[in-house]
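Taking it in order: structure first as structure tokens, then the write-up.
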Amino acid sequence: MSVVGVLGTTMYLRDTGAGRPVLFLHGNPTSSHLWRHVIAGRRPGWRCLAPDLIGMGRSARPYLSYSFADHVAHLEELLLTLERPEGSAQDEKDEKDEKGGLDGLVVVGHDRGVALGLDLLRRRRRRDMGQVTAIAVMEGHIRPLPGWEAFDPGGRELFQRMRTPQVGEQMVLHDNFFLDTLLPAALQRALTEDELHEYRRHYPDPHSRRALLDWARQIPVAGVPAPTHAALEAAAVNATRSPVPKLLITAPGTPIVTPEVTDWCTRHLPNLTVTDVGEPAGHFLPEDRPKAVTDVLWQWLETLEPPGSAR
């Protein structure tokens with residue numbers, strides 16, 4: 001676990017193991033803590049990289065708009081830092097050499113981490129720039145939403161309110177809606193007090209929650225916000241053309257990846273494996289079904305070809 005300097009600020013990173021790298025991207029309002037069970041199940045020969053996205057978890061809270069572009073820029077600089085041996089102290093360089101670089105990078109995303117992961121798949125297509133060689137996704141929007149009618153019914157009114165000036169500020173910044181209300185309500189199993197505390201403790205005041213509100217306002221619905229819509233649309237189009245292996249992890253009852261979404265993915269995404277964990281789950285799939293997600297993900301990862309043979 002470490003703190004990495006990124007674009008004049010800092011990001012927190014869980015860096016475990018050595019070998020082929022797997023980048024775990026969380027969503028809103030979680031952190032790298034979401035992946036603790038999956039990382040604990042790591043197989044030999046794999047390196048797990050799980051950052052707290054900028055403005056979230058243990059990462060710093062710089063004064064940003066926390067747009068999709070802001071998250072992309074900070075995540076990309078984090079990856080470039082991990083790839084860059086120059087400028088490191090000798091002991092840090094030796095540790096990087098032991099762990100390996102980012103050759104053969106695999107991305108795993110949940111919630112907003114799906115959009116960021118698909119964007120990485122689009123931008124990192126060449127071997128000479130840290131190519132993404134495979135991607136696994138769960139419970140995140142794979143395409144922009146054409147309108148509010150496409151939003152899951154349970155969250156539609158809530159997210160419309162969060163996007164209303166002053167109303168959203170009161171809900172998220174002052175009432176701490178995401179951590180105190182939405183996170184527990186969107187789960188089928190009850191988190192322990194220690195588990196809830198680990199998520200909540202990084203958001204003690206309104207300033208610390210700014211990224212949570214801005215993320216809620218970045219979901220592209222009916223073309224708004226336009227830059228995020230364009231980015232996710234481009235990433236979705238690329239995903240329909242990319243030959244790299246893809247995994248979609250599903251469960252009965254999840255609100256975002258419905259049977260209709262799964263059907264679209266099956267018809268449009270090449271080299272796709274779809275695995276249903278078999279037990280009902282809410283939105284936070286790695287929390288509701290940690291063992292099933294861990295088993296499914298690592299079994300799939302072990303089937304991937306070595307980096308040198310990836311296209």
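A note on labels: chains of the structure tokens are A, B, ... as shown, every chain counts residues from 1, and ligands are counted from 1 in their shown order.
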
Practice prompt. Based on DSSP run over this structure's backbone, return all residues of segment 125-163 of chain A in strand (DSSP E), as a list in words.
Written response: Val132, Thr133, Ala134, Ile135, Ala136, Val137 and Met138 of chain A

Using only N, CA and C atoms, please write the residues we just selected to a file, as a PDB file, in the first residue's frame.
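Heads up, here's the output in result_27.pdb:
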```pdb
ATOM      1  N   VAL A 132      -4.051  -2.488 -22.846  1.00  0.00           N
ATOM      2  CA  VAL A 132      -4.996  -3.272 -22.050  1.00  0.00           C
ATOM      3  C   VAL A 132      -5.286  -4.555 -22.834  1.00  0.00           C
ATOM      4  N   THR A 133      -4.979  -5.687 -22.238  1.00  0.00           N
ATOM      5  CA  THR A 133      -5.078  -6.960 -22.964  1.00  0.00           C
ATOM      6  C   THR A 133      -6.342  -7.748 -22.638  1.00  0.00           C
ATOM      7  N   ALA A 134      -7.089  -7.344 -21.614  1.00  0.00           N
ATOM      8  CA  ALA A 134      -8.345  -8.001 -21.266  1.00  0.00           C
ATOM      9  C   ALA A 134      -9.089  -7.100 -20.286  1.00  0.00           C
ATOM     10  N   ILE A 135     -10.411  -7.265 -20.217  1.00  0.00           N
ATOM     11  CA  ILE A 135     -11.197  -6.418 -19.314  1.00  0.00           C
ATOM     12  C   ILE A 135     -12.379  -7.203 -18.759  1.00  0.00           C
ATOM     13  N   ALA A 136     -12.627  -7.026 -17.465  1.00  0.00           N
ATOM     14  CA  ALA A 136     -13.779  -7.625 -16.789  1.00  0.00           C
ATOM     15  C   ALA A 136     -14.617  -6.504 -16.181  1.00  0.00           C
ATOM     16  N   VAL A 137     -15.937  -6.584 -16.339  1.00  0.00           N
ATOM     17  CA  VAL A 137     -16.813  -5.524 -15.844  1.00  0.00           C
ATOM     18  C   VAL A 137     -18.004  -6.127 -15.103  1.00  0.00           C
ATOM     19  N   MET A 138     -18.564  -5.314 -14.219  1.00  0.00           N
ATOM     20  CA  MET A 138     -19.762  -5.711 -13.474  1.00  0.00           C
ATOM     21  C   MET A 138     -20.492  -4.472 -12.989  1.00  0.00           C
TER      22      MET A 138
END
```

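Within 9 Å of segment 64-77 of chain A, once only C-alpha atoms are used and residues closer than 4 positions along the same chain are dropped, the contacting residues are Val6, Leu7, Met11, Pro51, Leu53, Ile54, Gly55, Thr81, Leu82, Leu116, Asp119, Leu120, Arg210, Ala211, Leu212, Asp214, Trp215, Arg217, Gln218, Pro227, Thr228 and Ala231 of chain A.
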
Using C-alpha atoms, can you export the residues from the last selection as a compact mmCIF listing (two decimals), in the first residue's frame?
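Once everything was written out, this is again.txt:
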```
# COMPACT_ATOMS: atom_id res chain seq x y z
CA VAL A 6 -0.01 12.37 -9.36
CA LEU A 7 -0.46 15.74 -11.14
CA MET A 11 -3.53 9.02 -4.94
CA PRO A 51 -6.24 2.77 -6.50
CA LEU A 53 -9.83 7.33 -7.45
CA ILE A 54 -8.96 10.99 -7.05
CA GLY A 55 -11.14 12.69 -4.46
CA THR A 81 4.10 6.71 -12.93
CA LEU A 82 3.93 2.97 -12.34
CA LEU A 116 -13.03 4.30 -16.83
CA ASP A 119 -11.98 4.25 -21.75
CA LEU A 120 -8.58 2.72 -20.93
CA ARG A 210 -17.52 16.66 -3.37
CA ALA A 211 -16.35 13.92 -5.77
CA LEU A 212 -19.34 11.76 -4.82
CA ASP A 214 -19.88 15.32 -9.06
CA TRP A 215 -19.75 11.64 -10.06
CA ARG A 217 -23.81 14.36 -12.10
CA GLN A 218 -21.41 12.80 -14.60
CA PRO A 227 -18.12 15.40 -22.82
CA THR A 228 -18.87 12.33 -20.70
CA ALA A 231 -16.23 9.63 -24.04
```

Worksheet entry | Near-Leu182 of chain A list (12 Å; only C-alpha atoms; drop same-chain fewer than 2 positions) as a count of residues only | 24

Item to complete: Name the residues of segment 159-282 of chain A that fall into alpha helix (DSSP H) according to DSSP on the backbone, using the chain letters and numbers of this document, as a ChimeraX atom specification.
Response: /A:159-162,167-168,177,183-185,193-200,210-216,226-241,259-268

Worksheet entry | Top pick for closest residue to Gly147 of chain A, considering A:Ala236, A:Ala60, A:Leu272, A:Ile219 and counting only C-alpha atoms | A:Ile219

Shell around Ala235 of chain A at 12 Å using only C-alpha atoms, local window under 5 positions removed, as a CSV table (one decimal) with N, CA and C atoms, in the first residue's frame:
```csv
chain,number,residue,atom,x,y,z
A,114,VAL,N,-16.3,0.9,-14.5
A,114,VAL,CA,-16.6,0.2,-15.8
A,114,VAL,C,-16.3,1.2,-16.9
A,115,ALA,N,-16.8,2.5,-16.8
A,115,ALA,CA,-16.6,3.5,-17.8
A,115,ALA,C,-15.1,3.8,-17.9
A,116,LEU,N,-14.5,4.0,-16.8
A,116,LEU,CA,-13.0,4.3,-16.8
A,116,LEU,C,-12.2,3.1,-17.4
A,117,GLY,N,-12.6,1.9,-17.1
A,117,GLY,CA,-11.9,0.8,-17.7
A,117,GLY,C,-12.1,0.7,-19.2
A,118,LEU,N,-13.3,0.9,-19.7
A,118,LEU,CA,-13.6,0.9,-21.1
A,118,LEU,C,-12.9,2.0,-21.9
A,119,ASP,N,-12.7,3.1,-21.2
A,119,ASP,CA,-12.0,4.2,-21.7
A,119,ASP,C,-10.5,3.9,-21.9
A,120,LEU,N,-10.0,3.2,-20.9
A,120,LEU,CA,-8.6,2.7,-20.9
A,120,LEU,C,-8.4,1.7,-22.1
A,121,LEU,N,-9.4,0.8,-22.3
A,121,LEU,CA,-9.3,-0.1,-23.3
A,121,LEU,C,-9.3,0.6,-24.7
A,122,ARG,N,-10.0,1.7,-24.8
A,122,ARG,CA,-10.0,2.4,-26.1
A,122,ARG,C,-8.7,3.2,-26.3
A,123,ARG,N,-8.1,3.8,-25.2
A,123,ARG,CA,-6.9,4.6,-25.4
A,123,ARG,C,-5.6,3.8,-25.4
A,124,ARG,N,-5.6,2.7,-24.7
A,124,ARG,CA,-4.4,1.9,-24.6
A,124,ARG,C,-4.5,0.6,-25.4
A,125,ARG,N,-4.5,0.8,-26.7
A,125,ARG,CA,-4.6,-0.3,-27.7
A,125,ARG,C,-3.3,-0.8,-28.2
A,141,HIS,N,-22.5,1.2,-16.2
A,141,HIS,CA,-23.1,1.6,-17.5
A,141,HIS,C,-22.0,1.4,-18.6
A,142,ILE,N,-22.3,0.5,-19.5
A,142,ILE,CA,-21.4,0.3,-20.6
A,142,ILE,C,-21.6,1.2,-21.8
A,143,ARG,N,-22.8,1.8,-21.9
A,143,ARG,CA,-23.2,2.8,-22.9
A,143,ARG,C,-23.8,4.0,-22.3
A,144,PRO,N,-23.8,5.2,-22.9
A,144,PRO,CA,-24.6,6.3,-22.4
A,144,PRO,C,-26.1,5.9,-22.4
A,228,THR,N,-18.8,13.7,-21.2
A,228,THR,CA,-18.9,12.3,-20.7
A,228,THR,C,-19.6,11.4,-21.6
A,229,HIS,N,-20.7,11.9,-22.2
A,229,HIS,CA,-21.5,11.1,-23.2
A,229,HIS,C,-20.6,10.7,-24.4
A,230,ALA,N,-19.8,11.7,-24.9
A,230,ALA,CA,-18.9,11.4,-26.0
A,230,ALA,C,-17.9,10.4,-25.7
A,240,THR,N,-17.1,-2.7,-29.0
A,240,THR,CA,-17.7,-3.6,-29.9
A,240,THR,C,-16.8,-4.1,-31.0
A,241,ARG,N,-15.6,-3.4,-31.1
A,241,ARG,CA,-14.6,-3.8,-32.2
A,241,ARG,C,-13.4,-4.4,-31.6
A,242,SER,N,-13.1,-4.3,-30.3
A,242,SER,CA,-11.9,-4.8,-29.7
A,242,SER,C,-11.9,-6.3,-29.6
A,269,LEU,N,-20.5,-7.5,-28.2
A,269,LEU,CA,-19.1,-7.5,-27.7
A,269,LEU,C,-18.3,-8.8,-28.0
```

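Of note, atom CA of Glu233 of chain A and atom CA of Gly140 of chain A are spaced 13.9 Å apart.
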
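Residues in contact with Pro306 of chain A at 10 Å, where only C-alpha atoms are counted and same-chain residues fewer than 5 positions away are skipped, are listed as Arg20, Asp103, Gly104 and Thr133 of chain A.
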